[in-house]
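Quick look at protein_6.pdb (PDB, C-alpha atoms, pLDDT in the B column):
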MODEL        1
ATOM      1  CA  ILE A   1     -19.740   3.345  11.500  1.00 48.00           C
ATOM      2  CA  LEU A   2     -22.611   2.173   9.352  1.00 62.00           C
ATOM      3  CA  ASN A   3     -23.935  -1.285  10.144  1.00 84.00           C
ATOM      4  CA  VAL A   4     -25.104  -4.124   7.964  1.00 90.00           C
ATOM      5  CA  GLU A   5     -27.399  -6.669   9.610  1.00 93.00           C
ATOM      6  CA  GLN A   6     -27.793 -10.239   8.439  1.00 96.00           C
ATOM      7  CA  SER A   7     -30.570 -12.553   9.532  1.00 95.00           C
ATOM      8  CA  PRO A   8     -30.901 -15.176  10.648  1.00 96.00           C
ATOM      9  CA  GLN A   9     -27.519 -15.675  12.288  1.00 95.00           C
ATOM     10  CA  SER A  10     -27.720 -19.398  11.568  1.00 96.00           C
ATOM     11  CA  LEU A  11     -30.166 -21.945  10.268  1.00 95.00           C
ATOM     12  CA  HIS A  12     -30.446 -25.629   9.554  1.00 97.00           C
ATOM     13  CA  VAL A  13     -32.479 -26.929   6.624  1.00 97.00           C
ATOM     14  CA  GLN A  14     -33.108 -30.344   5.169  1.00 97.00           C
ATOM     15  CA  GLU A  15     -31.632 -31.349   1.829  1.00 97.00           C
ATOM     16  CA  GLY A  16     -34.052 -30.298  -0.903  1.00 97.00           C
ATOM     17  CA  ASP A  17     -35.569 -27.412   1.051  1.00 97.00           C
ATOM     18  CA  SER A  18     -35.434 -23.912  -0.361  1.00 96.00           C
ATOM     19  CA  THR A  19     -34.293 -21.135   1.928  1.00 96.00           C
ATOM     20  CA  ASN A  20     -33.529 -17.441   2.005  1.00 95.00           C
ATOM     21  CA  PHE A  21     -31.582 -14.953   4.107  1.00 94.00           C
ATOM     22  CA  THR A  22     -31.778 -11.213   4.553  1.00 97.00           C
ATOM     23  CA  CYS A  23     -29.158  -8.490   4.458  1.00 97.00           C
ATOM     24  CA  SER A  24     -30.192  -5.027   5.701  1.00 95.00           C
ATOM     25  CA  PHE A  25     -28.073  -1.954   5.110  1.00 92.00           C
ATOM     26  CA  PRO A  26     -28.351   1.843   5.243  1.00 88.00           C
ATOM     27  CA  SER A  27     -30.190   3.003   2.140  1.00 83.00           C
ATOM     28  CA  SER A  28     -28.557   6.403   1.769  1.00 82.00           C
ATOM     29  CA  ASN A  29     -25.589   7.028  -0.539  1.00 81.00           C
ATOM     30  CA  PHE A  30     -25.559   3.439  -1.815  1.00 85.00           C
ATOM     31  CA  TYR A  31     -22.892   2.229  -4.236  1.00 88.00           C
ATOM     32  CA  ALA A  32     -22.877  -1.572  -4.258  1.00 90.00           C
ATOM     33  CA  LEU A  33     -23.779  -4.727  -2.350  1.00 93.00           C
ATOM     34  CA  HIS A  34     -21.694  -7.906  -2.396  1.00 95.00           C
ATOM     35  CA  TRP A  35     -22.584 -11.478  -1.432  1.00 97.00           C
ATOM     36  CA  TYR A  36     -19.824 -13.955  -0.575  1.00 97.00           C
ATOM     37  CA  ARG A  37     -19.903 -17.654   0.281  1.00 97.00           C
ATOM     38  CA  TRP A  38     -17.450 -18.854   2.918  1.00 96.00           C
ATOM     39  CA  GLU A  39     -16.981 -22.580   3.355  1.00 95.00           C
ATOM     40  CA  THR A  40     -15.239 -23.881   6.450  1.00 90.00           C
ATOM     41  CA  ALA A  41     -11.437 -23.971   6.117  1.00 89.00           C
ATOM     42  CA  LYS A  42     -11.595 -22.082   2.814  1.00 92.00           C
ATOM     43  CA  SER A  43     -11.524 -18.455   1.716  1.00 93.00           C
ATOM     44  CA  PRO A  44     -14.648 -16.389   1.041  1.00 95.00           C
ATOM     45  CA  GLU A  45     -15.659 -16.460  -2.622  1.00 96.00           C
ATOM     46  CA  ALA A  46     -17.739 -13.865  -4.413  1.00 96.00           C
ATOM     47  CA  LEU A  47     -21.280 -14.825  -5.384  1.00 97.00           C
ATOM     48  CA  PHE A  48     -22.765 -11.567  -6.587  1.00 96.00           C
ATOM     49  CA  VAL A  49     -21.939  -7.891  -6.916  1.00 94.00           C
ATOM     50  CA  MET A  50     -25.106  -5.803  -7.188  1.00 93.00           C
ATOM     51  CA  THR A  51     -25.215  -2.123  -7.956  1.00 88.00           C
ATOM     52  CA  LEU A  52     -28.678  -1.250  -9.278  1.00 83.00           C
ATOM     53  CA  ASN A  53     -31.988  -0.981  -7.443  1.00 83.00           C
ATOM     54  CA  GLY A  54     -34.214  -3.859  -8.489  1.00 83.00           C
ATOM     55  CA  ASP A  55     -31.227  -5.916  -9.626  1.00 89.00           C
ATOM     56  CA  GLU A  56     -31.691  -9.668  -9.630  1.00 94.00           C
ATOM     57  CA  LYS A  57     -28.778 -12.048 -10.131  1.00 95.00           C
ATOM     58  CA  LYS A  58     -28.654 -15.814 -10.431  1.00 96.00           C
ATOM     59  CA  LYS A  59     -25.935 -18.438 -10.329  1.00 95.00           C
ATOM     60  CA  GLY A  60     -27.248 -21.980 -10.584  1.00 96.00           C
ATOM     61  CA  ARG A  61     -29.644 -22.569  -7.681  1.00 97.00           C
ATOM     62  CA  ILE A  62     -28.638 -19.371  -5.907  1.00 97.00           C
ATOM     63  CA  SER A  63     -30.200 -16.010  -6.647  1.00 98.00           C
ATOM     64  CA  ALA A  64     -30.261 -12.571  -5.056  1.00 97.00           C
ATOM     65  CA  THR A  65     -32.432  -9.475  -5.177  1.00 96.00           C
ATOM     66  CA  LEU A  66     -31.656  -5.912  -4.215  1.00 95.00           C
ATOM     67  CA  ASN A  67     -33.827  -3.053  -2.948  1.00 94.00           C
ATOM     68  CA  THR A  68     -31.644   0.013  -2.415  1.00 91.00           C
ATOM     69  CA  LYS A  69     -34.548   2.319  -1.546  1.00 91.00           C
ATOM     70  CA  GLU A  70     -35.553   0.318   1.511  1.00 92.00           C
ATOM     71  CA  GLY A  71     -32.057  -1.037   2.192  1.00 92.00           C
ATOM     72  CA  TYR A  72     -32.284  -4.811   1.908  1.00 94.00           C
ATOM     73  CA  SER A  73     -31.124  -7.730  -0.202  1.00 96.00           C
ATOM     74  CA  TYR A  74     -32.367 -11.313  -0.181  1.00 97.00           C
ATOM     75  CA  LEU A  75     -30.319 -14.383  -1.042  1.00 98.00           C
ATOM     76  CA  TYR A  76     -32.304 -17.438  -2.125  1.00 97.00           C
ATOM     77  CA  ILE A  77     -31.130 -21.021  -2.399  1.00 98.00           C
ATOM     78  CA  LYS A  78     -33.457 -23.386  -4.247  1.00 97.00           C
ATOM     79  CA  GLY A  79     -33.330 -27.079  -3.402  1.00 97.00           C
ATOM     80  CA  SER A  80     -30.521 -26.850  -0.842  1.00 97.00           C
ATOM     81  CA  GLN A  81     -27.750 -29.435  -1.033  1.00 97.00           C
ATOM     82  CA  PRO A  82     -25.202 -30.412   1.660  1.00 96.00           C
ATOM     83  CA  GLU A  83     -22.488 -28.689  -0.382  1.00 95.00           C
ATOM     84  CA  ASP A  84     -24.374 -25.400   0.100  1.00 97.00           C
ATOM     85  CA  SER A  85     -23.437 -25.524   3.785  1.00 97.00           C
ATOM     86  CA  ALA A  86     -21.370 -22.392   4.390  1.00 97.00           C
ATOM     87  CA  THR A  87     -21.472 -18.946   5.907  1.00 97.00           C
ATOM     88  CA  TYR A  88     -22.990 -16.382   3.557  1.00 97.00           C
ATOM     89  CA  LEU A  89     -21.633 -12.874   3.957  1.00 97.00           C
ATOM     90  CA  CYS A  90     -23.088  -9.674   2.645  1.00 96.00           C
ATOM     91  CA  ALA A  91     -21.218  -6.393   2.457  1.00 95.00           C
ATOM     92  CA  PHE A  92     -22.228  -2.964   1.241  1.00 91.00           C
ATOM     93  CA  ILE A  93     -20.468   0.133   0.039  1.00 87.00           C
ATOM     94  CA  THR A  94     -21.588   3.609   0.907  1.00 74.00           C
ATOM     95  CA  GLY A  95     -19.979   6.956   1.540  1.00 69.00           C
ATOM     96  CA  SER A  96     -16.818   8.590   0.369  1.00 70.00           C
ATOM     97  CA  ALA A  97     -14.390   5.790   1.324  1.00 70.00           C
ATOM     98  CA  ARG A  98     -16.131   3.358  -1.028  1.00 80.00           C
ATOM     99  CA  GLN A  99     -14.967   0.344   0.907  1.00 88.00           C
ATOM    100  CA  LEU A 100     -16.934  -2.711   1.980  1.00 91.00           C
ATOM    101  CA  THR A 101     -18.620  -2.998   5.358  1.00 91.00           C
ATOM    102  CA  PHE A 102     -19.310  -6.668   6.094  1.00 94.00           C
ATOM    103  CA  GLY A 103     -22.108  -8.268   8.047  1.00 94.00           C
ATOM    104  CA  SER A 104     -21.317 -11.089  10.453  1.00 94.00           C
ATOM    105  CA  GLY A 105     -22.900 -13.630   8.127  1.00 95.00           C
ATOM    106  CA  THR A 106     -25.617 -16.285   8.045  1.00 97.00           C
ATOM    107  CA  GLN A 107     -24.353 -19.784   8.765  1.00 97.00           C
ATOM    108  CA  LEU A 108     -26.292 -22.353   6.739  1.00 97.00           C
ATOM    109  CA  THR A 109     -26.195 -26.064   7.481  1.00 97.00           C
ATOM    110  CA  VAL A 110     -27.936 -28.387   5.034  1.00 97.00           C
ATOM    111  CA  LEU A 111     -28.723 -31.750   6.600  1.00 96.00           C
ATOM    112  CA  PRO A 112     -28.705 -34.830   4.338  1.00 92.00           C
TER     113      PRO A 112
ATOM    114  CA  ASN B 113      -2.360 -19.173 -11.168  1.00 67.00           C
ATOM    115  CA  ALA B 114      -2.003 -19.210  -7.408  1.00 80.00           C
ATOM    116  CA  GLY B 115      -4.432 -16.309  -6.864  1.00 94.00           C
ATOM    117  CA  VAL B 116      -3.845 -14.629  -3.506  1.00 97.00           C
ATOM    118  CA  THR B 117      -1.221 -16.197  -1.262  1.00 97.00           C
ATOM    119  CA  GLN B 118      -0.601 -15.282   2.366  1.00 97.00           C
ATOM    120  CA  THR B 119       2.420 -16.170   4.472  1.00 97.00           C
ATOM    121  CA  PRO B 120       2.708 -17.312   7.158  1.00 97.00           C
ATOM    122  CA  LYS B 121      -0.513 -19.280   7.711  1.00 96.00           C
ATOM    123  CA  PHE B 122      -0.028 -19.469  11.486  1.00 96.00           C
ATOM    124  CA  ARG B 123       2.076 -17.501  13.937  1.00 97.00           C
ATOM    125  CA  VAL B 124       2.323 -17.183  17.711  1.00 97.00           C
ATOM    126  CA  LEU B 125       3.876 -14.002  19.097  1.00 96.00           C
ATOM    127  CA  LYS B 126       4.637 -12.666  22.509  1.00 97.00           C
ATOM    128  CA  THR B 127       3.352  -9.244  23.491  1.00 97.00           C
ATOM    129  CA  GLY B 128       5.682  -6.575  22.160  1.00 97.00           C
ATOM    130  CA  GLN B 129       7.170  -8.641  19.347  1.00 97.00           C
ATOM    131  CA  SER B 130       6.967  -7.493  15.761  1.00 96.00           C
ATOM    132  CA  MET B 131       6.126  -9.383  12.621  1.00 96.00           C
ATOM    133  CA  THR B 132       5.129  -8.940   8.990  1.00 97.00           C
ATOM    134  CA  LEU B 133       2.425 -10.750   7.049  1.00 98.00           C
ATOM    135  CA  LEU B 134       3.038 -11.031   3.335  1.00 98.00           C
ATOM    136  CA  CYS B 135       0.301 -11.067   0.721  1.00 98.00           C
ATOM    137  CA  ALA B 136       1.104 -11.829  -2.901  1.00 98.00           C
ATOM    138  CA  GLN B 137      -1.277 -11.899  -5.858  1.00 97.00           C
ATOM    139  CA  ASP B 138      -0.547 -12.997  -9.410  1.00 96.00           C
ATOM    140  CA  MET B 139      -3.692 -11.618 -11.071  1.00 96.00           C
ATOM    141  CA  ASN B 140      -2.313  -8.143 -11.846  1.00 95.00           C
ATOM    142  CA  HIS B 141      -4.907  -6.597  -9.534  1.00 96.00           C
ATOM    143  CA  GLU B 142      -4.584  -2.915  -8.784  1.00 96.00           C
ATOM    144  CA  TYR B 143      -6.416  -2.948  -5.452  1.00 96.00           C
ATOM    145  CA  MET B 144      -5.348  -4.852  -2.343  1.00 97.00           C
ATOM    146  CA  TYR B 145      -6.799  -5.048   1.171  1.00 97.00           C
ATOM    147  CA  TRP B 146      -6.080  -6.387   4.632  1.00 98.00           C
ATOM    148  CA  TYR B 147      -9.018  -7.488   6.811  1.00 97.00           C
ATOM    149  CA  ARG B 148      -9.250  -9.044  10.248  1.00 97.00           C
ATOM    150  CA  GLN B 149     -11.859 -11.568  11.305  1.00 95.00           C
ATOM    151  CA  ASP B 150     -12.901 -11.833  14.947  1.00 94.00           C
ATOM    152  CA  PRO B 151     -15.569 -14.137  16.404  1.00 89.00           C
ATOM    153  CA  GLY B 152     -19.097 -12.778  16.042  1.00 85.00           C
ATOM    154  CA  MET B 153     -17.979  -9.840  13.935  1.00 88.00           C
ATOM    155  CA  GLY B 154     -17.849  -9.134  10.252  1.00 89.00           C
ATOM    156  CA  LEU B 155     -14.595  -8.774   8.397  1.00 94.00           C
ATOM    157  CA  ARG B 156     -13.102  -5.387   9.262  1.00 95.00           C
ATOM    158  CA  LEU B 157     -10.835  -3.438   6.954  1.00 95.00           C
ATOM    159  CA  ILE B 158      -7.423  -2.589   8.387  1.00 97.00           C
ATOM    160  CA  HIS B 159      -5.649  -0.900   5.477  1.00 97.00           C
ATOM    161  CA  TYR B 160      -5.960  -0.933   1.730  1.00 96.00           C
ATOM    162  CA  SER B 161      -4.071   0.114  -1.379  1.00 96.00           C
ATOM    163  CA  VAL B 162      -5.377   1.451  -4.663  1.00 94.00           C
ATOM    164  CA  GLY B 163      -2.121   0.897  -6.504  1.00 94.00           C
ATOM    165  CA  GLU B 164       1.627   0.400  -6.220  1.00 95.00           C
ATOM    166  CA  GLY B 165       3.142   2.873  -3.794  1.00 95.00           C
ATOM    167  CA  THR B 166      -0.210   3.874  -2.236  1.00 95.00           C
ATOM    168  CA  THR B 167      -1.809   2.922   1.065  1.00 96.00           C
ATOM    169  CA  ALA B 168      -4.835   4.142   3.010  1.00 95.00           C
ATOM    170  CA  LYS B 169      -6.381   3.530   6.430  1.00 95.00           C
ATOM    171  CA  GLY B 170      -9.450   1.402   6.828  1.00 93.00           C
ATOM    172  CA  GLU B 171     -11.801   0.976   9.759  1.00 92.00           C
ATOM    173  CA  VAL B 172      -9.303  -0.429  12.302  1.00 96.00           C
ATOM    174  CA  PRO B 173      -5.777   0.752  11.357  1.00 97.00           C
ATOM    175  CA  ASP B 174      -4.283   1.390  14.802  1.00 96.00           C
ATOM    176  CA  GLY B 175      -1.299  -0.794  15.647  1.00 96.00           C
ATOM    177  CA  TYR B 176      -0.689  -1.811  12.031  1.00 98.00           C
ATOM    178  CA  ASN B 177       1.415  -0.507   9.169  1.00 97.00           C
ATOM    179  CA  VAL B 178       1.383  -1.504   5.520  1.00 97.00           C
ATOM    180  CA  SER B 179       3.513  -1.133   2.434  1.00 97.00           C
ATOM    181  CA  ARG B 180       2.911  -1.701  -1.279  1.00 97.00           C
ATOM    182  CA  LEU B 181       6.339  -1.392  -2.871  1.00 95.00           C
ATOM    183  CA  LYS B 182       5.460  -3.792  -5.680  1.00 96.00           C
ATOM    184  CA  LYS B 183       2.089  -4.121  -7.365  1.00 96.00           C
ATOM    185  CA  GLN B 184       1.802  -7.812  -6.578  1.00 97.00           C
ATOM    186  CA  ASN B 185       2.698  -7.582  -2.865  1.00 97.00           C
ATOM    187  CA  PHE B 186       0.968  -5.988   0.118  1.00 98.00           C
ATOM    188  CA  LEU B 187       2.678  -6.281   3.496  1.00 98.00           C
ATOM    189  CA  LEU B 188       0.984  -5.912   6.870  1.00 98.00           C
ATOM    190  CA  GLY B 189       3.245  -5.123   9.814  1.00 97.00           C
ATOM    191  CA  LEU B 190       2.703  -5.271  13.539  1.00 96.00           C
ATOM    192  CA  GLU B 191       5.393  -3.192  15.238  1.00 92.00           C
ATOM    193  CA  SER B 192       4.563  -4.152  18.828  1.00 96.00           C
ATOM    194  CA  ALA B 193       2.024  -6.939  19.004  1.00 96.00           C
ATOM    195  CA  ALA B 194      -0.761  -6.814  21.604  1.00 97.00           C
ATOM    196  CA  PRO B 195      -3.176  -9.563  22.694  1.00 97.00           C
ATOM    197  CA  SER B 196      -6.004  -7.536  21.098  1.00 97.00           C
ATOM    198  CA  GLN B 197      -4.387  -8.257  17.748  1.00 97.00           C
ATOM    199  CA  THR B 198      -5.046 -11.974  18.099  1.00 97.00           C
ATOM    200  CA  SER B 199      -7.189 -12.626  15.056  1.00 97.00           C
ATOM    201  CA  VAL B 200      -7.402 -14.227  11.643  1.00 96.00           C
ATOM    202  CA  TYR B 201      -6.069 -11.904   8.971  1.00 98.00           C
ATOM    203  CA  PHE B 202      -7.270 -12.037   5.394  1.00 97.00           C
ATOM    204  CA  CYS B 203      -5.668 -10.406   2.425  1.00 98.00           C
ATOM    205  CA  ALA B 204      -7.787  -9.717  -0.644  1.00 97.00           C
ATOM    206  CA  SER B 205      -7.407  -8.106  -4.022  1.00 97.00           C
ATOM    207  CA  SER B 206      -9.672  -6.787  -6.750  1.00 95.00           C
ATOM    208  CA  TYR B 207      -9.195  -5.789 -10.361  1.00 93.00           C
ATOM    209  CA  TYR B 208     -11.860  -3.092 -10.396  1.00 89.00           C
ATOM    210  CA  PRO B 209     -12.818  -0.675  -7.614  1.00 86.00           C
ATOM    211  CA  LEU B 210     -15.291  -2.349  -5.256  1.00 85.00           C
ATOM    212  CA  ALA B 211     -17.894   0.356  -5.894  1.00 78.00           C
ATOM    213  CA  GLU B 212     -17.700  -0.326  -9.649  1.00 81.00           C
ATOM    214  CA  ASP B 213     -18.420  -4.049 -10.031  1.00 80.00           C
ATOM    215  CA  GLY B 214     -15.120  -5.081  -8.460  1.00 87.00           C
ATOM    216  CA  GLU B 215     -15.201  -8.279  -6.409  1.00 93.00           C
ATOM    217  CA  LEU B 216     -12.775  -9.435  -3.756  1.00 95.00           C
ATOM    218  CA  PHE B 217     -10.463 -12.416  -4.212  1.00 97.00           C
ATOM    219  CA  PHE B 218      -9.334 -13.635  -0.815  1.00 97.00           C
ATOM    220  CA  GLY B 219      -6.255 -15.400   0.459  1.00 97.00           C
ATOM    221  CA  GLU B 220      -6.568 -18.376   2.780  1.00 95.00           C
ATOM    222  CA  GLY B 221      -6.039 -16.394   5.951  1.00 96.00           C
ATOM    223  CA  SER B 222      -3.291 -16.104   8.543  1.00 97.00           C
ATOM    224  CA  ARG B 223      -4.070 -17.019  12.142  1.00 96.00           C
ATOM    225  CA  LEU B 224      -2.118 -14.874  14.573  1.00 97.00           C
ATOM    226  CA  THR B 225      -2.050 -15.441  18.336  1.00 97.00           C
ATOM    227  CA  VAL B 226      -0.460 -12.884  20.634  1.00 97.00           C
ATOM    228  CA  LEU B 227       0.306 -14.164  24.132  1.00 96.00           C
TER     229      LEU B 227
ENDMDL
END

Whole structure given in structure tokens:
Amino acid sequence: ILNVEQSPQSLHVQEGDSTNFTCSFPSSNFYALHWYRWETAKSPEALFVMTLNGDEKKKGRISATLNTKEGYSYLYIKGSQPEDSATYLCAFITGSARQLTFGSGTQLTVLP
Amino acid sequence: NAGVTQTPKFRVLKTGQSMTLLCAQDMNHEYMYWYRQDPGMGLRLIHYSVGEGTTAKGEVPDGYNVSRLKKQNFLLGLESAAPSQTSVYFCASSYYPLAEDGELFFGEGSRLTVL
């Protein structure tokens, strides 16, 4: 089983602060990396699907970068708002099965 | 559109009982998946389907069976429930393969407790 590591496990930031999290994954035989946002009592929702080394994606105040050679992705949130409070999941695809392996997530709490 | 709908949302079983979780999607997605979520762990793939009439094992398939008789439905069965199967189960679907820009659309989850 290939592991994906997310750090930190949880963090609290003040409203208006910018923050970032890390997703580390095995760099060999890479196909894709996904980021999902999971709000309490809701279903996970896709943020980004990234397939190319050096890829950068942006959605509003949230952006992500991908380095497949060294096996990491960063998720950035600029000017955090209370509604950004959620667990952020990353998942990668490698190998012949081509299915997602999920990390355990980073739980973000934005304090007003 | 309802998206991905799971029934039931909650269920309590006794050890040895059987049950079926139903997942229905109205987005004409080819690919469907069942995951389980346990505290402190990432979502783990139980079984998946790449099209009507097909199923395949994921990371943790033991103790579960699945069927995809219709494109829009993916059923997860527990033949003889065990306490280790206490978990939150998520169904998901995707239009494209996950390795080719496909993204998952999740249901709201089904919380199963096995006593």

With 8 Å as the cut-off and all atoms listed in the file counted, what is the closest atom pair between each nearby residue of chain B and chain A? Distances in Å to one decimal, ordered by chain and number, as CSV.
residue,atom,partner,partner_atom,distance
B:Gly152,CA,A:Ser104,CA,6.2
B:Met153,CA,A:Ser104,CA,5.0
B:Gly154,CA,A:Ser104,CA,4.0
B:Leu155,CA,A:Phe102,CA,5.7
B:Arg156,CA,A:Phe102,CA,7.1
B:Leu157,CA,A:Leu100,CA,7.9
B:Leu210,CA,A:Gln99,CA,6.7
B:Ala211,CA,A:Ala32,CA,5.6
B:Glu212,CA,A:Ala32,CA,7.6
B:Asp213,CA,A:Val49,CA,6.1
B:Gly214,CA,A:Val49,CA,7.5
B:Glu215,CA,A:Ala46,CA,6.5
B:Leu216,CA,A:Ala46,CA,6.7
B:Phe217,CA,A:Glu45,CA,6.8
B:Phe218,CA,A:Ser43,CA,5.9
B:Gly219,CA,A:Ser43,CA,6.2
B:Glu220,CA,A:Ser43,CA,5.1
B:Gly221,CA,A:Ser43,CA,7.2

Q. Within 10 Å of (0.8, 4.0, -5.0), all atoms listed in the file: residues as a ChimeraX atom specification?
A. /B:142,161-168,179-183

Could you list the residues chosen by the PyMOL selection byres ((chain B and resi 115) around 9) in this structure as an mmCIF file with C-alpha atoms, keeping the file's coordinate frame?
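Result written to selection.cif:
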data_model
loop_
_atom_site.group_PDB
_atom_site.id
_atom_site.type_symbol
_atom_site.label_atom_id
_atom_site.label_comp_id
_atom_site.auth_asym_id
_atom_site.auth_seq_id
_atom_site.Cartn_x
_atom_site.Cartn_y
_atom_site.Cartn_z
ATOM 1 C CA ASN B 113 -2.360 -19.173 -11.168
ATOM 2 C CA ALA B 114 -2.003 -19.210 -7.408
ATOM 3 C CA VAL B 116 -3.845 -14.629 -3.506
ATOM 4 C CA THR B 117 -1.221 -16.197 -1.262
ATOM 5 C CA ALA B 136 1.104 -11.829 -2.901
ATOM 6 C CA GLN B 137 -1.277 -11.899 -5.858
ATOM 7 C CA ASP B 138 -0.547 -12.997 -9.410
ATOM 8 C CA MET B 139 -3.692 -11.618 -11.071
ATOM 9 C CA PHE B 217 -10.463 -12.416 -4.212
ATOM 10 C CA PHE B 218 -9.334 -13.635 -0.815
ATOM 11 C CA GLY B 219 -6.255 -15.400 0.459
#

Q. CA of Arg223 in chain B and CA of His141 in chain B are how many Å apart?
A. 24.1 Å

Q: Could you please give me, as a ChimeraX atom specification, the residues of protein, DNA or RNA lying at most 9 Å from (-33.2, -0.6, 3.2) in the coordinate frame of the file, considering all atoms listed in the file?
A: /A:23-28,67-73

Q. Can you list, as number ranges by chain, the residues that the PyMOL selection byres ((chain A and resi 16) around 10) selects here?
A. A: 13-15, 17-19, 77-82, 110-112

Written file, previous selection with C-alpha atoms, as a PDB file, in the coordinates of the input:
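Output contents, as saved in out.pdb:
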ATOM      1  CA  VAL A  13     -32.479 -26.929   6.624  1.00 97.00           C
ATOM      2  CA  GLN A  14     -33.108 -30.344   5.169  1.00 97.00           C
ATOM      3  CA  GLU A  15     -31.632 -31.349   1.829  1.00 97.00           C
ATOM      4  CA  ASP A  17     -35.569 -27.412   1.051  1.00 97.00           C
ATOM      5  CA  SER A  18     -35.434 -23.912  -0.361  1.00 96.00           C
ATOM      6  CA  THR A  19     -34.293 -21.135   1.928  1.00 96.00           C
ATOM      7  CA  ILE A  77     -31.130 -21.021  -2.399  1.00 98.00           C
ATOM      8  CA  LYS A  78     -33.457 -23.386  -4.247  1.00 97.00           C
ATOM      9  CA  GLY A  79     -33.330 -27.079  -3.402  1.00 97.00           C
ATOM     10  CA  SER A  80     -30.521 -26.850  -0.842  1.00 97.00           C
ATOM     11  CA  GLN A  81     -27.750 -29.435  -1.033  1.00 97.00           C
ATOM     12  CA  PRO A  82     -25.202 -30.412   1.660  1.00 96.00           C
ATOM     13  CA  VAL A 110     -27.936 -28.387   5.034  1.00 97.00           C
ATOM     14  CA  LEU A 111     -28.723 -31.750   6.600  1.00 96.00           C
ATOM     15  CA  PRO A 112     -28.705 -34.830   4.338  1.00 92.00           C
TER      16      PRO A 112
END

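Interatomic distance, CA of Tyr76 in chain A against CA of Asn29 in chain A: 25.4 Å.
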
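Within 8 Å of Tyr201 in chain B, once all atoms listed in the file are used and residues closer than 4 positions along the same chain are dropped, the contacting residues are Trp146, Tyr147, Arg148, Gln149, Gly221, Ser222, Arg223 and Leu224 of chain B.
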
Q: Would you work out the distance separating CA of Ala194 in chain B from CA of Ser130 in chain B, expressed in Å to one decimal?
A: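 For CA of Ala194 in chain B relative to CA of Ser130 in chain B, the distance reads 9.7 Å.
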
Q: May I ask which of the residues B:Ser205, B:Asn185, B:Thr198, B:Asn177 is the closest one to Thr127 in chain B, counting all atoms listed in the file?
A: B:Thr198

Q.
Let me make sure I understand: among B:Val226, B:Leu187, B:Met131, B:Leu125, which one has the smallest atom-to-atom distance to Ala204 in chain B if we use all atoms listed in the file?
A. B:Leu187

Q.
When the PyMOL selection byres ((chain A and resi 75) around 7) is applied to the structure above, which residues does it catch, written out as a PyMOL selection string?
A. chain A and resi 20-22+63-65+73-74+76-77
